[in-house]
Amino acid sequence: MIRVFLIIALLLAPAAAAQEDLSLADDVEVTRVVVDIRAVDPKGVPIGGLIPEDFVVRVEGDPVPVSSLDWVSGSVARLSPEEVAALPDDHPLRSGAGAGRLIVIFFQRSLVPTRIAGTMRMLQETREFVGRLQDNDYVATVFFQSHLELVQDFTNDKQKILAILDDQIVPYRTQPPAEPGPYPSLAAFFDVQAGLDAATPEHGLRVTAEALKEIPGSKSMLFVGWGVGIMVGGVVKMRPEYEPARQALAEARVSVFSLDVTRADYHSLEGPLIRMALDTGGFYVRTYDNANVAMGAVEKAIAGHYVLAFEKPQLPEGRHRMRIRLKNHKGVVYHREYYND
C-alpha cells in the first residue's frame, strides 16, 4: 500500500498541481453529501454491522458528524430518498423489482504482447467471476481500442455475458450498436456517435459515465486495461479528458476498480490507473503476479458497501476534500476524495 501512494506522489504530482483549481461535479443532495464507501478488513472482506459512530469524517480537515449510514448488500440496489422520489410511479425500483448490483466491465484492448497476454488471462478470470454472480446482478460490457463501443447492454443473462467474453473481445469483432433492453438499460442512454468519436480511454470513460448517470444508484466498474494518462517529456500526466470523465463518474456514482493487465512488475502508466481508482472510491490491483487473487480482491470488495451521508458544512463554493476512516476497527475505507459545493 505504501508503494502505491509513493507511485502516485512521484508520477502524478505535476498533474495534480496543474489541476488543483479545477471544480469536480458530484452527486451531492441539496443539503447533504452522499458517498458510497467500502470498508474492508485487512483481508479485503467488507465489514458489516458498522454504525455511524464507527466512522470519522473530515472535510477540509475538520470533523463532521455522519447523519446516516446504510449497508448495501450485494443483492440490493440502494437509492437515496431523493432518488426514489424522482423515479416515475411505474419504475421497477419503486417496488424493489430488478434490484441487483450494476457492474460495468470496461475492456481496454492492445495488441502489444505485454498487454494482450494479460488481457487473455483476465478474460478467463472474468468468465469465472460472471459464473459466480447472483441472479439479479446486471452486467454491461464496453470495449475500447481506437474508439468506444457498447458491446452488451445491462443483462442478468449469464450466457449472453459469457458469449460476449468468448467471441467479442479477443479477437474483436465489430457488432451493430446494442439494442436497448428492459430496465436497467445502458444502451437506452448510450451515445453511439460520441463513443465512435472517443479517441482516448478517458473520453470513453466519460461517454460511459454520462449514460450511467441516467440510471439511479451506485455502480461498480471493472476497468480491465493497461493504462490511462500520457508520458510527456519523461513525466506521466493525466490527459485533459480525465477531469470531465472523473466528474461524470462521480455524478453517476461509479467506483472504478483498475485491473492492470500489463505483464510487468511496474510500468509508467500504472500511476494514472491508481489515481483513477482512488479518485472514484475503488482500488488498483496488478494482475501480473496472480490474476486470480486480483479478481478475488475486487469480487470481495463489491460484495457490499455503505451509503454514508453528512450535512454539508458551511464552506465557500468549490471543491472540498473528504477523508473518511474507521474508528475502533482495523481496516481500510475506499471512497471518492472530493465533493463540490
# chains A, B, ... in the order shown; residues from 1 in each chain; ligands from 1

$ select_by_dssp --residues "segment 223-322 of chain A" --states "alpha helix (DSSP H)" --output "ChimeraX atom specification"
/A:242-251,270-280,291-301

$ write_last_selection --atoms "C-alpha atoms" --output "PDB file, in the first residue's frame"
ATOM      1  CA  TYR A 242      -9.619  12.951 -17.455  1.00  0.00           C
ATOM      2  CA  GLU A 243     -11.278  15.677 -15.363  1.00  0.00           C
ATOM      3  CA  PRO A 244     -14.594  15.611 -17.272  1.00  0.00           C
ATOM      4  CA  ALA A 245     -14.515  11.809 -17.055  1.00  0.00           C
ATOM      5  CA  ARG A 246     -13.876  11.937 -13.339  1.00  0.00           C
ATOM      6  CA  GLN A 247     -16.727  14.405 -12.858  1.00  0.00           C
ATOM      7  CA  ALA A 248     -19.125  12.202 -14.802  1.00  0.00           C
ATOM      8  CA  LEU A 249     -18.078   9.086 -12.895  1.00  0.00           C
ATOM      9  CA  ALA A 250     -18.694  10.898  -9.595  1.00  0.00           C
ATOM     10  CA  GLU A 251     -22.119  12.094 -10.695  1.00  0.00           C
ATOM     11  CA  GLU A 270       0.083   2.366 -13.699  1.00  0.00           C
ATOM     12  CA  GLY A 271       0.205   5.621 -11.706  1.00  0.00           C
ATOM     13  CA  PRO A 272      -2.790   7.116 -13.549  1.00  0.00           C
ATOM     14  CA  LEU A 273      -4.665   3.812 -13.145  1.00  0.00           C
ATOM     15  CA  ILE A 274      -4.093   4.040  -9.403  1.00  0.00           C
ATOM     16  CA  ARG A 275      -5.240   7.629  -9.307  1.00  0.00           C
ATOM     17  CA  MET A 276      -8.411   6.883 -11.292  1.00  0.00           C
ATOM     18  CA  ALA A 277      -9.346   4.134  -8.857  1.00  0.00           C
ATOM     19  CA  LEU A 278      -8.654   6.196  -5.746  1.00  0.00           C
ATOM     20  CA  ASP A 279     -10.479   9.217  -7.173  1.00  0.00           C
ATOM     21  CA  THR A 280     -13.664   7.197  -7.617  1.00  0.00           C
ATOM     22  CA  ALA A 291      -4.772 -12.735 -11.718  1.00  0.00           C
ATOM     23  CA  ASN A 292      -6.990 -14.950  -9.578  1.00  0.00           C
ATOM     24  CA  VAL A 293      -6.099 -13.081  -6.399  1.00  0.00           C
ATOM     25  CA  ALA A 294      -6.587  -9.726  -8.155  1.00  0.00           C
ATOM     26  CA  MET A 295     -10.083 -10.585  -9.338  1.00  0.00           C
ATOM     27  CA  GLY A 296     -10.885 -12.109  -5.966  1.00  0.00           C
ATOM     28  CA  ALA A 297      -9.977  -8.865  -4.200  1.00  0.00           C
ATOM     29  CA  VAL A 298     -12.377  -6.902  -6.398  1.00  0.00           C
ATOM     30  CA  GLU A 299     -15.105  -9.525  -6.043  1.00  0.00           C
ATOM     31  CA  LYS A 300     -14.909  -9.333  -2.254  1.00  0.00           C
ATOM     32  CA  ALA A 301     -14.936  -5.539  -2.256  1.00  0.00           C
TER      33      ALA A 301
END

$ residues_around --residues "Ile103 of chain A" --least-positions-apart "5" --cutoff "10 Å" --atoms "only C-alpha atoms" --output "NGL selection string"
:A and (137-141 or 154-155 or 218-222 or 254-255 or 302)

$ residues_around --residues "Val333 of chain A" --least-positions-apart "4" --cutoff "6 Å" --atoms "only C-alpha atoms" --output "JSON list (two decimals) with C-alpha atoms, in the first residue's frame"
[["chain", "number", "residue", "atom", "x", "y", "z"],
["A", 38, "ARG", "CA", -16.32, 0.34, 1.06],
["A", 39, "ALA", "CA", -14.97, -0.57, 4.46],
["A", 325, "ARG", "CA", -11.61, 6.42, 8.18]]

$ select_by_dssp --residues "segment 164-321 of chain A" --states "strand (DSSP E)" --output "ChimeraX atom specification"
/A:219-225,230-232,235-237,254-260,284-286,304-311,319-321

$ write_last_selection --atoms "N, CA and C atoms" --output "compact mmCIF listing (two decimals), in the first residue's frame"
# COMPACT_ATOMS: atom_id res chain seq x y z
N LYS A 219 -22.84 2.09 -8.84
CA LYS A 219 -22.38 1.10 -9.81
C LYS A 219 -20.91 0.81 -9.56
N SER A 220 -20.48 -0.36 -9.99
CA SER A 220 -19.08 -0.74 -9.94
C SER A 220 -18.58 -0.94 -11.37
N MET A 221 -17.36 -0.46 -11.64
CA MET A 221 -16.75 -0.65 -12.95
C MET A 221 -15.45 -1.42 -12.78
N LEU A 222 -15.32 -2.52 -13.53
CA LEU A 222 -14.07 -3.27 -13.59
C LEU A 222 -13.34 -2.79 -14.84
N PHE A 223 -12.29 -1.99 -14.65
CA PHE A 223 -11.51 -1.47 -15.77
C PHE A 223 -10.38 -2.45 -16.04
N VAL A 224 -10.57 -3.31 -17.04
CA VAL A 224 -9.58 -4.32 -17.39
C VAL A 224 -8.72 -3.73 -18.50
N GLY A 225 -7.59 -3.17 -18.14
CA GLY A 225 -6.81 -2.46 -19.13
C GLY A 225 -5.36 -2.28 -18.72
N ILE A 230 -0.68 9.93 -20.12
CA ILE A 230 0.26 10.03 -21.23
C ILE A 230 1.62 10.46 -20.69
N MET A 231 2.69 9.99 -21.35
CA MET A 231 4.05 10.37 -20.98
C MET A 231 4.47 11.58 -21.82
N VAL A 232 4.82 12.67 -21.14
CA VAL A 232 5.25 13.89 -21.82
C VAL A 232 6.57 14.35 -21.20
N VAL A 235 7.61 12.66 -18.04
CA VAL A 235 6.71 12.79 -16.89
C VAL A 235 5.33 12.27 -17.29
N VAL A 236 4.73 11.45 -16.44
CA VAL A 236 3.39 10.94 -16.70
C VAL A 236 2.36 11.97 -16.26
N LYS A 237 1.45 12.30 -17.15
CA LYS A 237 0.40 13.27 -16.84
C LYS A 237 -0.97 12.68 -17.20
N VAL A 254 -20.12 5.90 -9.74
CA VAL A 254 -19.37 4.76 -10.25
C VAL A 254 -18.04 4.64 -9.50
N SER A 255 -17.79 3.49 -8.91
CA SER A 255 -16.49 3.18 -8.31
C SER A 255 -15.70 2.33 -9.30
N VAL A 256 -14.50 2.80 -9.66
CA VAL A 256 -13.69 2.11 -10.66
C VAL A 256 -12.63 1.25 -9.96
N PHE A 257 -12.56 -0.01 -10.36
CA PHE A 257 -11.53 -0.92 -9.87
C PHE A 257 -10.61 -1.22 -11.05
N SER A 258 -9.37 -0.76 -10.94
CA SER A 258 -8.41 -0.88 -12.03
C SER A 258 -7.70 -2.23 -11.96
N LEU A 259 -7.94 -3.07 -12.96
CA LEU A 259 -7.28 -4.38 -13.06
C LEU A 259 -6.23 -4.27 -14.16
N ASP A 260 -5.00 -4.06 -13.76
CA ASP A 260 -3.90 -3.77 -14.68
C ASP A 260 -3.40 -5.07 -15.33
N TYR A 284 -6.72 -0.17 -7.03
CA TYR A 284 -5.91 -0.70 -8.12
C TYR A 284 -5.32 -2.05 -7.73
N VAL A 285 -5.34 -3.00 -8.65
CA VAL A 285 -4.67 -4.28 -8.43
C VAL A 285 -3.90 -4.66 -9.69
N ARG A 286 -2.71 -5.18 -9.49
CA ARG A 286 -1.88 -5.65 -10.59
C ARG A 286 -2.18 -7.14 -10.80
N GLY A 304 -20.49 -5.84 -0.92
CA GLY A 304 -21.35 -4.97 -0.14
C GLY A 304 -20.65 -3.67 0.18
N HIS A 305 -21.42 -2.62 0.40
CA HIS A 305 -20.82 -1.33 0.74
C HIS A 305 -21.81 -0.52 1.56
N TYR A 306 -21.35 0.64 2.00
CA TYR A 306 -22.19 1.54 2.78
C TYR A 306 -22.50 2.79 1.96
N VAL A 307 -23.67 3.35 2.21
CA VAL A 307 -24.01 4.67 1.70
C VAL A 307 -24.02 5.60 2.90
N LEU A 308 -23.03 6.47 2.95
CA LEU A 308 -22.84 7.38 4.08
C LEU A 308 -23.25 8.78 3.65
N ALA A 309 -23.91 9.49 4.55
CA ALA A 309 -24.32 10.87 4.26
C ALA A 309 -23.98 11.77 5.43
N PHE A 310 -23.65 13.02 5.11
CA PHE A 310 -23.42 14.03 6.14
C PHE A 310 -23.91 15.37 5.63
N GLU A 311 -24.26 16.24 6.58
CA GLU A 311 -24.71 17.57 6.23
C GLU A 311 -23.52 18.39 5.72
N ARG A 319 -14.50 22.98 -4.67
CA ARG A 319 -14.18 21.59 -4.41
C ARG A 319 -13.67 21.42 -3.00
N HIS A 320 -14.16 20.37 -2.32
CA HIS A 320 -13.77 20.15 -0.93
C HIS A 320 -13.30 18.71 -0.74
N ARG A 321 -12.21 18.57 -0.02
CA ARG A 321 -11.60 17.26 0.21
C ARG A 321 -12.27 16.56 1.40

$ residues_around --residues "Leu111 of chain A" --least-positions-apart "5" --cutoff "10 Å" --atoms "only C-alpha atoms" --output "list in words"
Ile116, Ala117, Thr119, Gln145 and Val170 of chain A

$ decode --residues "segment 251-272 of chain A" --atoms "N, CA and C atoms" --output "PDB file, in the first residue's frame"
ATOM      1  N   GLU A 251     -20.690  11.821 -10.604  1.00  0.00           N
ATOM      2  CA  GLU A 251     -22.119  12.094 -10.695  1.00  0.00           C
ATOM      3  C   GLU A 251     -22.920  10.810 -10.895  1.00  0.00           C
ATOM      4  N   ALA A 252     -22.337   9.847 -11.582  1.00  0.00           N
ATOM      5  CA  ALA A 252     -23.024   8.575 -11.841  1.00  0.00           C
ATOM      6  C   ALA A 252     -22.868   7.583 -10.695  1.00  0.00           C
ATOM      7  N   ARG A 253     -22.111   7.933  -9.670  1.00  0.00           N
ATOM      8  CA  ARG A 253     -21.846   7.064  -8.516  1.00  0.00           C
ATOM      9  C   ARG A 253     -21.187   5.758  -8.962  1.00  0.00           C
ATOM     10  N   VAL A 254     -20.116   5.904  -9.737  1.00  0.00           N
ATOM     11  CA  VAL A 254     -19.367   4.757 -10.247  1.00  0.00           C
ATOM     12  C   VAL A 254     -18.044   4.645  -9.502  1.00  0.00           C
ATOM     13  N   SER A 255     -17.790   3.485  -8.911  1.00  0.00           N
ATOM     14  CA  SER A 255     -16.492   3.181  -8.310  1.00  0.00           C
ATOM     15  C   SER A 255     -15.705   2.330  -9.300  1.00  0.00           C
ATOM     16  N   VAL A 256     -14.501   2.797  -9.660  1.00  0.00           N
ATOM     17  CA  VAL A 256     -13.686   2.113 -10.660  1.00  0.00           C
ATOM     18  C   VAL A 256     -12.630   1.254  -9.964  1.00  0.00           C
ATOM     19  N   PHE A 257     -12.559  -0.007 -10.363  1.00  0.00           N
ATOM     20  CA  PHE A 257     -11.535  -0.924  -9.873  1.00  0.00           C
ATOM     21  C   PHE A 257     -10.608  -1.223 -11.048  1.00  0.00           C
ATOM     22  N   SER A 258      -9.372  -0.759 -10.937  1.00  0.00           N
ATOM     23  CA  SER A 258      -8.411  -0.880 -12.033  1.00  0.00           C
ATOM     24  C   SER A 258      -7.705  -2.228 -11.959  1.00  0.00           C
ATOM     25  N   LEU A 259      -7.939  -3.070 -12.957  1.00  0.00           N
ATOM     26  CA  LEU A 259      -7.283  -4.376 -13.063  1.00  0.00           C
ATOM     27  C   LEU A 259      -6.233  -4.269 -14.160  1.00  0.00           C
ATOM     28  N   ASP A 260      -4.997  -4.057 -13.760  1.00  0.00           N
ATOM     29  CA  ASP A 260      -3.899  -3.771 -14.684  1.00  0.00           C
ATOM     30  C   ASP A 260      -3.404  -5.072 -15.330  1.00  0.00           C
ATOM     31  N   VAL A 261      -3.551  -5.181 -16.661  1.00  0.00           N
ATOM     32  CA  VAL A 261      -3.202  -6.414 -17.362  1.00  0.00           C
ATOM     33  C   VAL A 261      -1.755  -6.439 -17.838  1.00  0.00           C
ATOM     34  N   THR A 262      -0.996  -5.366 -17.656  1.00  0.00           N
ATOM     35  CA  THR A 262       0.373  -5.313 -18.153  1.00  0.00           C
ATOM     36  C   THR A 262       1.233  -6.380 -17.473  1.00  0.00           C
ATOM     37  N   ARG A 263       1.960  -7.127 -18.275  1.00  0.00           N
ATOM     38  CA  ARG A 263       2.803  -8.202 -17.752  1.00  0.00           C
ATOM     39  C   ARG A 263       4.145  -7.615 -17.324  1.00  0.00           C
ATOM     40  N   ALA A 264       4.134  -6.931 -16.194  1.00  0.00           N
ATOM     41  CA  ALA A 264       5.353  -6.298 -15.680  1.00  0.00           C
ATOM     42  C   ALA A 264       5.151  -6.014 -14.193  1.00  0.00           C
ATOM     43  N   ASP A 265       6.265  -5.980 -13.460  1.00  0.00           N
ATOM     44  CA  ASP A 265       6.186  -5.638 -12.046  1.00  0.00           C
ATOM     45  C   ASP A 265       5.860  -4.163 -11.842  1.00  0.00           C
ATOM     46  N   TYR A 266       6.199  -3.367 -12.839  1.00  0.00           N
ATOM     47  CA  TYR A 266       5.939  -1.929 -12.759  1.00  0.00           C
ATOM     48  C   TYR A 266       5.961  -1.372 -14.173  1.00  0.00           C
ATOM     49  N   HIS A 267       5.109  -0.367 -14.432  1.00  0.00           N
ATOM     50  CA  HIS A 267       5.190   0.354 -15.710  1.00  0.00           C
ATOM     51  C   HIS A 267       4.701   1.780 -15.487  1.00  0.00           C
ATOM     52  N   SER A 268       5.052   2.665 -16.406  1.00  0.00           N
ATOM     53  CA  SER A 268       4.860   4.098 -16.185  1.00  0.00           C
ATOM     54  C   SER A 268       3.397   4.499 -16.072  1.00  0.00           C
ATOM     55  N   LEU A 269       2.491   3.831 -16.791  1.00  0.00           N
ATOM     56  CA  LEU A 269       1.100   4.264 -16.809  1.00  0.00           C
ATOM     57  C   LEU A 269       0.259   3.641 -15.703  1.00  0.00           C
ATOM     58  N   GLU A 270       0.879   2.907 -14.798  1.00  0.00           N
ATOM     59  CA  GLU A 270       0.083   2.366 -13.699  1.00  0.00           C
ATOM     60  C   GLU A 270      -0.295   3.458 -12.697  1.00  0.00           C
ATOM     61  N   GLY A 271       0.527   4.527 -12.609  1.00  0.00           N
ATOM     62  CA  GLY A 271       0.205   5.621 -11.706  1.00  0.00           C
ATOM     63  C   GLY A 271      -1.164   6.234 -11.982  1.00  0.00           C
ATOM     64  N   PRO A 272      -1.459   6.602 -13.247  1.00  0.00           N
ATOM     65  CA  PRO A 272      -2.790   7.116 -13.549  1.00  0.00           C
ATOM     66  C   PRO A 272      -3.914   6.104 -13.278  1.00  0.00           C
TER      67      PRO A 272
END
